[in-house]
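**Student:** Contents of entry-v9.pdb (PDB, C-alpha atoms and all ligand atoms):
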```pdb
MODEL        1
ATOM      1  CA  MET L 290     266.796  77.294 243.712  1.00  0.00           C
ATOM      2  CA  ASN L 291     265.878  73.669 243.390  1.00  0.00           C
ATOM      3  CA  GLN L 292     265.887  70.533 245.463  1.00  0.00           C
ATOM      4  CA  PHE L 293     269.057  69.011 244.001  1.00  0.00           C
ATOM      5  CA  ASP L 294     272.598  69.839 245.053  1.00  0.00           C
ATOM      6  CA  TRP L 295     274.393  70.453 241.781  1.00  0.00           C
ATOM      7  CA  ASP L 296     277.572  71.504 243.624  1.00  0.00           C
ATOM      8  CA  ARG L 297     277.989  68.618 246.053  1.00  0.00           C
ATOM      9  CA  GLY L 298     276.201  65.789 244.234  1.00  0.00           C
ATOM     10  CA  PHE L 299     272.981  63.916 244.873  1.00  0.00           C
ATOM     11  CA  PRO L 300     271.242  60.624 244.187  1.00  0.00           C
ATOM     12  CA  ILE L 301     267.933  60.399 242.358  1.00  0.00           C
ATOM     13  CA  ASP L 302     265.625  57.475 241.680  1.00  0.00           C
ATOM     14  CA  PHE L 303     264.490  56.522 238.164  1.00  0.00           C
ATOM     15  CA  ASP L 304     262.462  53.347 237.966  1.00  0.00           C
ATOM     16  CA  ILE L 305     264.071  51.050 235.416  1.00  0.00           C
ATOM     17  CA  GLU L 306     260.701  49.809 234.109  1.00  0.00           C
ATOM     18  CA  THR L 307     258.682  53.025 233.978  1.00  0.00           C
ATOM     19  CA  GLY L 308     261.392  55.695 233.873  1.00  0.00           C
ATOM     20  CA  ARG L 309     259.555  57.515 236.651  1.00  0.00           C
ATOM     21  CA  SER L 310     261.110  59.406 239.537  1.00  0.00           C
ATOM     22  CA  GLU L 311     259.317  59.946 242.814  1.00  0.00           C
ATOM     23  CA  THR L 312     261.351  63.028 243.642  1.00  0.00           C
ATOM     24  CA  ALA L 313     260.623  65.182 240.573  1.00  0.00           C
ATOM     25  CA  GLN L 314     257.774  66.322 238.319  1.00  0.00           C
ATOM     26  CA  THR L 315     257.590  65.827 234.573  1.00  0.00           C
ATOM     27  CA  THR L 316     257.099  68.410 231.864  1.00  0.00           C
ATOM     28  CA  LYS L 317     254.257  67.258 229.597  1.00  0.00           C
ATOM     29  CA  ARG L 318     253.693  67.659 225.884  1.00  0.00           C
ATOM     30  CA  TYR L 319     250.164  67.262 224.549  1.00  0.00           C
ATOM     31  CA  LEU L 320     249.098  66.974 220.915  1.00  0.00           C
ATOM     32  CA  SER L 321     247.746  70.545 221.072  1.00  0.00           C
ATOM     33  CA  GLN L 322     251.320  71.760 221.640  1.00  0.00           C
ATOM     34  CA  MET L 323     252.689  70.084 218.511  1.00  0.00           C
ATOM     35  CA  LYS L 324     249.817  69.657 216.071  1.00  0.00           C
ATOM     36  CA  GLY L 325     251.637  71.389 213.193  1.00  0.00           C
ATOM     37  CA  MET L 326     254.405  68.790 213.389  1.00  0.00           C
ATOM     38  CA  TYR L 327     252.309  65.885 212.166  1.00  0.00           C
ATOM     39  CA  PHE L 328     251.783  65.579 208.451  1.00  0.00           C
ATOM     40  CA  ASP L 329     248.130  64.510 208.521  1.00  0.00           C
ATOM     41  CA  SER L 330     246.336  67.646 209.738  1.00  0.00           C
ATOM     42  CA  ASP L 331     242.899  66.023 209.212  1.00  0.00           C
ATOM     43  CA  ALA L 332     243.902  63.212 211.573  1.00  0.00           C
ATOM     44  CA  VAL L 333     245.073  65.819 214.123  1.00  0.00           C
ATOM     45  CA  LYS L 334     241.717  67.597 213.880  1.00  0.00           C
ATOM     46  CA  LYS L 335     239.766  64.387 214.297  1.00  0.00           C
ATOM     47  CA  ILE L 336     241.692  63.375 217.436  1.00  0.00           C
ATOM     48  CA  MET L 337     241.437  66.881 218.926  1.00  0.00           C
ATOM     49  CA  GLU L 338     237.642  66.875 218.559  1.00  0.00           C
ATOM     50  CA  LYS L 339     237.561  64.051 221.099  1.00  0.00           C
ATOM     51  CA  GLU L 340     240.619  64.589 223.315  1.00  0.00           C
ATOM     52  CA  ASP L 341     244.048  66.173 223.643  1.00  0.00           C
ATOM     53  CA  PRO L 342     246.297  63.142 224.161  1.00  0.00           C
ATOM     54  CA  LEU L 343     249.502  63.277 226.167  1.00  0.00           C
ATOM     55  CA  ILE L 344     252.251  62.424 223.654  1.00  0.00           C
ATOM     56  CA  TYR L 345     255.292  62.460 225.945  1.00  0.00           C
ATOM     57  CA  GLU L 346     256.677  63.689 229.229  1.00  0.00           C
ATOM     58  CA  PHE L 347     260.188  64.193 230.504  1.00  0.00           C
ATOM     59  CA  TYR L 348     262.117  65.210 233.603  1.00  0.00           C
ATOM     60  CA  GLU L 349     263.892  68.548 233.705  1.00  0.00           C
ATOM     61  CA  LEU L 350     265.719  68.535 237.007  1.00  0.00           C
ATOM     62  CA  GLY L 351     266.704  72.186 236.831  1.00  0.00           C
ATOM     63  CA  CYS L 352     270.391  71.600 236.218  1.00  0.00           C
ATOM     64  CA  PRO L 353     272.267  74.926 236.201  1.00  0.00           C
ATOM     65  CA  GLU L 354     273.628  75.739 232.760  1.00  0.00           C
ATOM     66  CA  ARG L 355     277.245  76.283 233.746  1.00  0.00           C
ATOM     67  CA  PRO L 356     280.121  75.002 231.624  1.00  0.00           C
ATOM     68  CA  GLY L 357     280.773  71.424 232.737  1.00  0.00           C
ATOM     69  CA  ASP L 358     277.324  70.689 234.163  1.00  0.00           C
ATOM     70  CA  LEU L 359     275.527  67.645 232.755  1.00  0.00           C
ATOM     71  CA  ALA L 360     271.745  67.672 232.408  1.00  0.00           C
ATOM     72  CA  PHE L 361     270.084  64.266 232.591  1.00  0.00           C
ATOM     73  CA  GLY L 362     266.745  62.577 233.055  1.00  0.00           C
ATOM     74  CA  THR L 363     264.237  60.321 231.370  1.00  0.00           C
ATOM     75  CA  THR L 364     261.688  60.749 228.605  1.00  0.00           C
ATOM     76  CA  ILE L 365     258.467  58.711 228.480  1.00  0.00           C
ATOM     77  CA  LEU L 366     257.054  58.652 224.944  1.00  0.00           C
ATOM     78  CA  TYR L 367     253.638  57.019 224.670  1.00  0.00           C
ATOM     79  CA  PRO L 368     252.575  54.595 221.918  1.00  0.00           C
ATOM     80  CA  GLY L 369     250.124  55.845 219.309  1.00  0.00           C
ATOM     81  CA  ARG L 370     249.745  57.375 215.874  1.00  0.00           C
ATOM     82  CA  VAL L 371     248.437  60.509 214.211  1.00  0.00           C
ATOM     83  CA  GLY L 372     247.241  59.202 210.870  1.00  0.00           C
ATOM     84  CA  GLU L 373     249.971  56.802 209.831  1.00  0.00           C
ATOM     85  CA  GLU L 374     252.709  58.743 211.667  1.00  0.00           C
ATOM     86  CA  TYR L 375     253.859  57.389 215.013  1.00  0.00           C
ATOM     87  CA  TYR L 376     253.906  59.498 218.173  1.00  0.00           C
ATOM     88  CA  MET L 377     257.193  61.387 218.426  1.00  0.00           C
ATOM     89  CA  THR L 378     258.920  64.115 220.395  1.00  0.00           C
ATOM     90  CA  LYS L 379     259.288  67.645 219.004  1.00  0.00           C
ATOM     91  CA  GLY L 380     263.018  67.202 218.657  1.00  0.00           C
ATOM     92  CA  HIS L 381     265.586  69.967 218.462  1.00  0.00           C
ATOM     93  CA  PHE L 382     269.022  71.142 217.496  1.00  0.00           C
ATOM     94  CA  HIS L 383     271.263  72.215 220.329  1.00  0.00           C
ATOM     95  CA  THR L 384     271.811  75.969 220.315  1.00  0.00           C
ATOM     96  CA  ARG L 385     275.508  75.219 220.769  1.00  0.00           C
ATOM     97  CA  LEU L 386     275.479  73.020 217.692  1.00  0.00           C
ATOM     98  CA  GLU L 387     278.775  71.310 218.555  1.00  0.00           C
ATOM     99  CA  THR L 388     277.333  69.376 221.493  1.00  0.00           C
ATOM    100  CA  SER L 389     276.337  65.725 221.539  1.00  0.00           C
ATOM    101  CA  GLU L 390     274.003  63.621 223.672  1.00  0.00           C
ATOM    102  CA  VAL L 391     273.685  60.034 224.878  1.00  0.00           C
ATOM    103  CA  TYR L 392     270.383  58.145 225.098  1.00  0.00           C
ATOM    104  CA  TYR L 393     269.858  54.759 226.727  1.00  0.00           C
ATOM    105  CA  THR L 394     266.671  52.788 226.098  1.00  0.00           C
ATOM    106  CA  LEU L 395     265.219  51.421 229.342  1.00  0.00           C
ATOM    107  CA  SER L 396     262.082  50.033 227.732  1.00  0.00           C
ATOM    108  CA  GLY L 397     260.179  49.952 224.452  1.00  0.00           C
ATOM    109  CA  GLU L 398     261.302  50.398 220.860  1.00  0.00           C
ATOM    110  CA  GLY L 399     261.491  53.067 218.205  1.00  0.00           C
ATOM    111  CA  TYR L 400     263.866  55.283 216.264  1.00  0.00           C
ATOM    112  CA  MET L 401     266.203  58.164 216.897  1.00  0.00           C
ATOM    113  CA  VAL L 402     265.638  60.371 213.836  1.00  0.00           C
ATOM    114  CA  MET L 403     268.505  62.761 213.184  1.00  0.00           C
ATOM    115  CA  GLU L 404     269.688  65.290 210.622  1.00  0.00           C
ATOM    116  CA  ASN L 405     272.346  67.965 210.401  1.00  0.00           C
ATOM    117  CA  PRO L 406     272.001  71.493 208.958  1.00  0.00           C
ATOM    118  CA  GLU L 407     273.430  70.276 205.652  1.00  0.00           C
ATOM    119  CA  GLY L 408     270.504  67.839 205.327  1.00  0.00           C
ATOM    120  CA  THR L 409     272.365  64.587 206.016  1.00  0.00           C
ATOM    121  CA  THR L 410     269.931  62.250 207.771  1.00  0.00           C
ATOM    122  CA  SER L 411     270.342  59.219 210.014  1.00  0.00           C
ATOM    123  CA  GLU L 412     267.787  56.967 211.715  1.00  0.00           C
ATOM    124  CA  ILE L 413     269.026  54.643 214.442  1.00  0.00           C
ATOM    125  CA  PRO L 414     266.766  51.988 216.006  1.00  0.00           C
ATOM    126  CA  LEU L 415     266.114  52.346 219.734  1.00  0.00           C
ATOM    127  CA  LYS L 416     266.032  49.006 221.535  1.00  0.00           C
ATOM    128  CA  LYS L 417     265.801  48.079 225.190  1.00  0.00           C
ATOM    129  CA  ASN L 418     269.222  47.876 226.861  1.00  0.00           C
ATOM    130  CA  LYS L 419     270.992  49.688 224.002  1.00  0.00           C
ATOM    131  CA  ALA L 420     272.502  53.149 223.921  1.00  0.00           C
ATOM    132  CA  VAL L 421     272.591  55.586 221.027  1.00  0.00           C
ATOM    133  CA  TYR L 422     275.119  58.353 220.496  1.00  0.00           C
ATOM    134  CA  VAL L 423     273.672  61.521 218.984  1.00  0.00           C
ATOM    135  CA  PRO L 424     276.654  63.280 217.419  1.00  0.00           C
ATOM    136  CA  ARG L 425     277.423  66.984 217.477  1.00  0.00           C
ATOM    137  CA  ARG L 426     275.487  69.105 214.976  1.00  0.00           C
ATOM    138  CA  TYR L 427     272.557  66.682 214.605  1.00  0.00           C
ATOM    139  CA  ALA L 428     268.955  67.584 215.393  1.00  0.00           C
ATOM    140  CA  HIS L 429     267.311  64.640 217.130  1.00  0.00           C
ATOM    141  CA  ARG L 430     263.795  63.380 217.696  1.00  0.00           C
ATOM    142  CA  THR L 431     262.577  60.070 219.135  1.00  0.00           C
ATOM    143  CA  VAL L 432     259.722  58.061 217.623  1.00  0.00           C
ATOM    144  CA  ASN L 433     257.796  55.263 219.360  1.00  0.00           C
ATOM    145  CA  THR L 434     257.035  52.445 216.898  1.00  0.00           C
ATOM    146  CA  GLY L 435     255.974  49.942 219.566  1.00  0.00           C
ATOM    147  CA  LYS L 436     252.875  49.163 221.586  1.00  0.00           C
ATOM    148  CA  GLU L 437     254.376  50.125 224.966  1.00  0.00           C
ATOM    149  CA  PRO L 438     255.798  53.418 226.240  1.00  0.00           C
ATOM    150  CA  LEU L 439     259.322  54.128 224.980  1.00  0.00           C
ATOM    151  CA  ILE L 440     261.457  54.993 228.011  1.00  0.00           C
ATOM    152  CA  LEU L 441     264.811  56.721 227.522  1.00  0.00           C
ATOM    153  CA  PHE L 442     267.521  57.992 229.819  1.00  0.00           C
ATOM    154  CA  PHE L 443     269.523  60.936 228.444  1.00  0.00           C
ATOM    155  CA  VAL L 444     272.610  62.985 229.325  1.00  0.00           C
ATOM    156  CA  PHE L 445     273.867  66.156 227.609  1.00  0.00           C
ATOM    157  CA  ASP L 446     275.942  69.295 228.242  1.00  0.00           C
ATOM    158  CA  ALA L 447     273.674  71.446 230.392  1.00  0.00           C
ATOM    159  CA  ASP L 448     274.588  74.627 228.531  1.00  0.00           C
ATOM    160  CA  ALA L 449     273.886  73.113 225.083  1.00  0.00           C
ATOM    161  CA  GLY L 450     270.518  74.902 224.766  1.00  0.00           C
ATOM    162  CA  HIS L 451     267.539  73.822 222.669  1.00  0.00           C
ATOM    163  CA  ASN L 452     266.716  75.223 219.262  1.00  0.00           C
ATOM    164  CA  TYR L 453     263.250  74.164 218.055  1.00  0.00           C
ATOM    165  CA  GLY L 454     262.837  76.932 215.478  1.00  0.00           C
ATOM    166  CA  THR L 455     263.877  75.366 212.182  1.00  0.00           C
ATOM    167  CA  ILE L 456     262.410  71.972 213.070  1.00  0.00           C
ATOM    168  CA  GLU L 457     259.071  73.487 214.074  1.00  0.00           C
ATOM    169  CA  THR L 458     258.581  75.358 210.836  1.00  0.00           C
ATOM    170  CA  LYS L 459     259.632  72.809 208.224  1.00  0.00           C
ATOM    171  CA  GLY L 460     260.118  69.581 210.154  1.00  0.00           C
ATOM    172  CA  TYR L 461     262.558  66.778 209.500  1.00  0.00           C
ATOM    173  CA  HIS L 462     263.462  65.359 206.091  1.00  0.00           C
ATOM    174  CA  LYS L 463     262.361  61.884 207.210  1.00  0.00           C
ATOM    175  CA  MET L 464     259.258  60.615 208.933  1.00  0.00           C
ATOM    176  CA  VAL L 465     258.390  57.249 210.485  1.00  0.00           C
ATOM    177  CA  VAL L 466     255.027  55.784 209.496  1.00  0.00           C
ATOM    178  CA  GLU L 467     253.153  52.529 209.845  1.00  0.00           C
ATOM    179  CA  ARG L 468     252.596  50.749 206.516  1.00  0.00           C
ATOM    180  CA  ASP L 469     251.168  47.203 206.325  1.00  0.00           C
ATOM    181  CA  GLY L 470     251.386  47.031 210.099  1.00  0.00           C
ATOM    182  CA  LYS L 471     255.138  47.723 210.146  1.00  0.00           C
ATOM    183  CA  PRO L 472     257.254  50.813 210.802  1.00  0.00           C
ATOM    184  CA  GLU L 473     258.802  52.389 207.736  1.00  0.00           C
ATOM    185  CA  VAL L 474     261.127  55.403 207.420  1.00  0.00           C
ATOM    186  CA  ILE L 475     260.078  57.519 204.435  1.00  0.00           C
ATOM    187  CA  ASP L 476     261.004  60.904 202.934  1.00  0.00           C
ATOM    188  CA  SER L 477     258.920  63.529 204.690  1.00  0.00           C
ATOM    189  CA  LEU L 478     255.741  64.430 202.842  1.00  0.00           C
ATOM    190  CA  LYS L 479     256.108  67.976 204.197  1.00  0.00           C
ATOM    191  CA  TRP L 480     259.239  68.803 202.199  1.00  0.00           C
TER     192      TRP L 480
HETATM  193 MN    MN F 501     269.158  67.198 222.897  1.00  0.00          MN
ENDMDL
END
```
What's the C-alpha cells form of this structure?
Ligand code: MN

**Tutor:**
Amino acid sequence: MNQFDWDRGFPIDFDIETGRSETAQTTKRYLSQMKGMYFDSDAVKKIMEKEDPLIYEFYELGCPERPGDLAFGTTILYPGRVGEEYYMTKGHFHTRLETSEVYYTLSGEGYMVMENPEGTTSEIPLKKNKAVYVPRRYAHRTVNTGKEPLILFFVFDADAGHNYGTIETKGYHKMVVERDGKPEVIDSLKW
C-alpha cells in the first residue's frame, strides 16, 4: 500500500522552483549506475576515482498500474558533464510502445532526445514554462545543457512500463555535447 489514495484522489505538493515534494521520497541515479552510457569511459573512470556524483533523481509515487491510471511526478537532473557529454537520464522506451508522455519544464534548460525503433531521431529543446509531447513509440531521454538543475514535471499512462534494454546496450543515435562552450547535438560516437 502507499500513502496516496489512487481511488479517491489526493493533492500533492511540488515546489515550482525546485521540483521537490515534502510528502514523498526520490529515487536516485548515481554515475555508478549508468557509467556505460557515457561515451568517454576514461572521463567516467577519472570522476569515479574521486566521487560518485548524483546525476538525477525523480519521484515515483507508487501509482498502481491499472488501465486508466496516470503516473506523474518530477525529475531533477543536475548540471554537469562526463567528458564533453552533458549529464542525462538513462532514458527508455515504454514497454507498451504505443504510449506517449507529456513533460513540462519548471526550471532549467536542455533537450529531450528521442528516437523510434526504426531509427528516426528527434531532439526538442526543453525551456522553462514550455511543454514537450513525447509521441508514441519514441524512446526518450532528457539532457541538461544548462548551469542549473533541469526540473521537469511528467505524466504518462501508468501501465506503459519501462524498457531500458536496447538503450542500455547500444545507446541513442544522437548525443548532446559541449563544443566551444555551447551545446551541440551530434551523431553518437558509440554507433
Ligand atoms: Mn517515459

**Student:** Quick one: contact table of region 377-422 of chain L to region 432-450 of chain L, 6 Å max, nearest atom pair and distance in Å to one decimal per residue, counting only C-alpha atoms, chain and number order, as a tab-separated table?

**Tutor:**
```
residue	atom	partner	partner_atom	distance
L:Met377	CA	L:Val432	CA	4.3
L:His383	CA	L:Gly450	CA	5.2
L:Thr384	CA	L:Gly450	CA	4.8
L:Arg385	CA	L:Ala449	CA	5.1
L:Glu390	CA	L:Phe445	CA	4.7
L:Val391	CA	L:Val444	CA	5.4
L:Tyr392	CA	L:Phe443	CA	4.4
L:Tyr393	CA	L:Phe442	CA	5.0
L:Thr394	CA	L:Leu441	CA	4.6
L:Leu395	CA	L:Ile440	CA	5.4
L:Ser396	CA	L:Ile440	CA	5.0
L:Gly397	CA	L:Leu439	CA	4.3
L:Glu398	CA	L:Gly435	CA	5.5
L:Gly399	CA	L:Asn433	CA	4.5
L:Tyr400	CA	L:Val432	CA	5.2
```

**Student:** For Thr312 (chain L), which residue out of L:Phe293, L:Phe328, L:Tyr422, L:Tyr427 is the nearest one, using only C-alpha atoms?

**Tutor:**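 Comparing L:Phe293, L:Phe328, L:Tyr422, L:Tyr427 against Thr312 (chain L), the winner is L:Phe293.
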
**Student:** For CA of Val423 (chain L) and CA of Asp304 (chain L), quote the distance in Å rounded to one decimal.

**Tutor:** 23.5 Å

**Student:** Quick check, in Å to one decimal: how far apart do CA of Val421 (chain L) and CA of Glu387 (chain L) lie?

**Tutor:** 17.1 Å

**Student:** Counting all atoms listed in the file, which of L:Asp469, L:Phe361, L:Gly369, L:Lys419 gets nearest to ligand MN 501 (chain F)?

**Tutor:**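 Looking at the shortest contact to ligand MN 501 (chain F), the residue is L:Phe361.
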
**Student:** Filtering to C-alpha atoms, could region 362-471 of chain L of the supplied structure be written out as a CSV table (one decimal), in the first residue's frame?

**Tutor:**
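Output file decode-v5.csv is given in full below:
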```
chain,number,residue,atom,x,y,z
L,362,GLY,CA,5.9,13.4,-10.8
L,363,THR,CA,9.0,15.5,-11.3
L,364,THR,CA,12.6,14.7,-12.3
L,365,ILE,CA,15.5,16.8,-11.1
L,366,LEU,CA,18.5,16.5,-13.5
L,367,TYR,CA,21.7,18.1,-12.2
L,368,PRO,CA,24.1,20.2,-14.3
L,369,GLY,CA,27.4,18.7,-15.2
L,370,ARG,CA,29.4,16.8,-17.8
L,371,VAL,CA,31.2,13.5,-18.3
L,372,GLY,CA,33.9,14.4,-20.7
L,373,GLU,CA,32.2,16.6,-23.2
L,374,GLU,CA,28.8,14.9,-22.8
L,375,TYR,CA,26.2,16.6,-20.6
L,376,TYR,CA,24.5,14.9,-17.7
L,377,MET,CA,21.5,13.0,-18.9
L,378,THR,CA,18.9,10.5,-17.7
L,379,LYS,CA,19.1,6.8,-18.7
L,380,GLY,CA,16.0,7.2,-20.9
L,381,HIS,CA,13.7,4.3,-22.0
L,382,PHE,CA,11.2,3.0,-24.4
L,383,HIS,CA,7.8,2.3,-23.0
L,384,THR,CA,7.1,-1.5,-22.8
L,385,ARG,CA,3.7,-0.7,-24.3
L,386,LEU,CA,5.4,1.1,-27.2
L,387,GLU,CA,2.1,2.8,-28.3
L,388,THR,CA,2.0,5.1,-25.2
L,389,SER,CA,3.1,8.8,-25.1
L,390,GLU,CA,4.1,11.1,-22.3
L,391,VAL,CA,4.0,14.8,-21.5
L,392,TYR,CA,6.9,16.8,-19.9
L,393,TYR,CA,6.7,20.4,-18.6
L,394,THR,CA,9.8,22.3,-17.8
L,395,LEU,CA,9.6,24.0,-14.4
L,396,SER,CA,13.2,25.3,-14.5
L,397,GLY,CA,16.4,25.0,-16.4
L,398,GLU,CA,17.2,24.1,-20.0
L,399,GLY,CA,18.2,21.2,-22.1
L,400,TYR,CA,17.0,18.7,-24.7
L,401,MET,CA,14.5,15.9,-25.0
L,402,VAL,CA,16.4,13.3,-27.1
L,403,MET,CA,14.1,10.8,-28.8
L,404,GLU,CA,14.2,8.0,-31.3
L,405,ASN,CA,11.9,5.3,-32.5
L,406,PRO,CA,12.7,1.6,-33.2
L,407,GLU,CA,13.2,2.4,-36.9
L,408,GLY,CA,16.0,4.9,-36.0
L,409,THR,CA,14.2,8.1,-36.7
L,410,THR,CA,15.5,10.7,-34.2
L,411,SER,CA,14.2,14.0,-32.8
L,412,GLU,CA,15.7,16.4,-30.3
L,413,ILE,CA,13.4,19.1,-28.8
L,414,PRO,CA,14.7,21.9,-26.7
L,415,LEU,CA,13.5,22.0,-23.1
L,416,LYS,CA,12.8,25.5,-21.9
L,417,LYS,CA,11.3,26.9,-18.7
L,418,ASN,CA,7.5,27.2,-18.9
L,419,LYS,CA,7.2,25.1,-22.1
L,420,ALA,CA,5.8,21.6,-22.5
L,421,VAL,CA,7.0,18.8,-24.8
L,422,TYR,CA,5.0,16.0,-26.2
L,423,VAL,CA,6.8,12.7,-26.5
L,424,PRO,CA,4.9,10.7,-29.1
L,425,ARG,CA,4.0,7.0,-29.0
L,426,ARG,CA,6.9,4.7,-30.0
L,427,TYR,CA,9.7,7.1,-29.1
L,428,ALA,CA,12.4,6.3,-26.6
L,429,HIS,CA,13.1,9.5,-24.6
L,430,ARG,CA,16.0,10.8,-22.5
L,431,THR,CA,16.5,14.3,-21.0
L,432,VAL,CA,19.8,16.2,-21.2
L,433,ASN,CA,20.8,19.2,-19.0
L,434,THR,CA,22.7,21.7,-21.1
L,435,GLY,CA,22.5,24.5,-18.5
L,436,LYS,CA,24.2,25.5,-15.3
L,437,GLU,CA,21.2,25.0,-13.0
L,438,PRO,CA,19.2,21.8,-12.3
L,439,LEU,CA,16.7,20.9,-15.0
L,440,ILE,CA,13.3,20.4,-13.4
L,441,LEU,CA,10.6,18.6,-15.2
L,442,PHE,CA,7.0,17.5,-14.5
L,443,PHE,CA,5.8,14.4,-16.3
L,444,VAL,CA,2.6,12.5,-16.8
L,445,PHE,CA,2.2,9.1,-18.6
L,446,ASP,CA,0.0,6.0,-18.7
L,447,ALA,CA,0.8,4.2,-15.5
L,448,ASP,CA,0.8,0.8,-17.2
L,449,ALA,CA,3.1,1.9,-20.0
L,450,GLY,CA,6.1,0.1,-18.5
L,451,HIS,CA,9.8,1.0,-18.9
L,452,ASN,CA,12.1,-0.8,-21.3
L,453,TYR,CA,15.8,0.2,-20.8
L,454,GLY,CA,17.3,-2.9,-22.5
L,455,THR,CA,18.1,-1.7,-26.0
L,456,ILE,CA,19.0,1.8,-24.9
L,457,GLU,CA,21.4,0.4,-22.2
L,458,THR,CA,23.3,-1.8,-24.6
L,459,LYS,CA,23.8,0.4,-27.6
L,460,GLY,CA,22.6,3.8,-26.6
L,461,TYR,CA,20.9,6.5,-28.6
L,462,HIS,CA,21.8,7.5,-32.2
L,463,LYS,CA,22.4,11.1,-31.0
L,464,MET,CA,24.3,12.6,-28.2
L,465,VAL,CA,24.5,16.1,-26.8
L,466,VAL,CA,28.0,17.5,-26.1
L,467,GLU,CA,29.6,20.8,-25.3
L,468,ARG,CA,31.8,22.2,-28.1
L,469,ASP,CA,33.3,25.7,-27.9
L,470,GLY,CA,31.2,26.3,-24.8
L,471,LYS,CA,27.9,25.6,-26.5
```
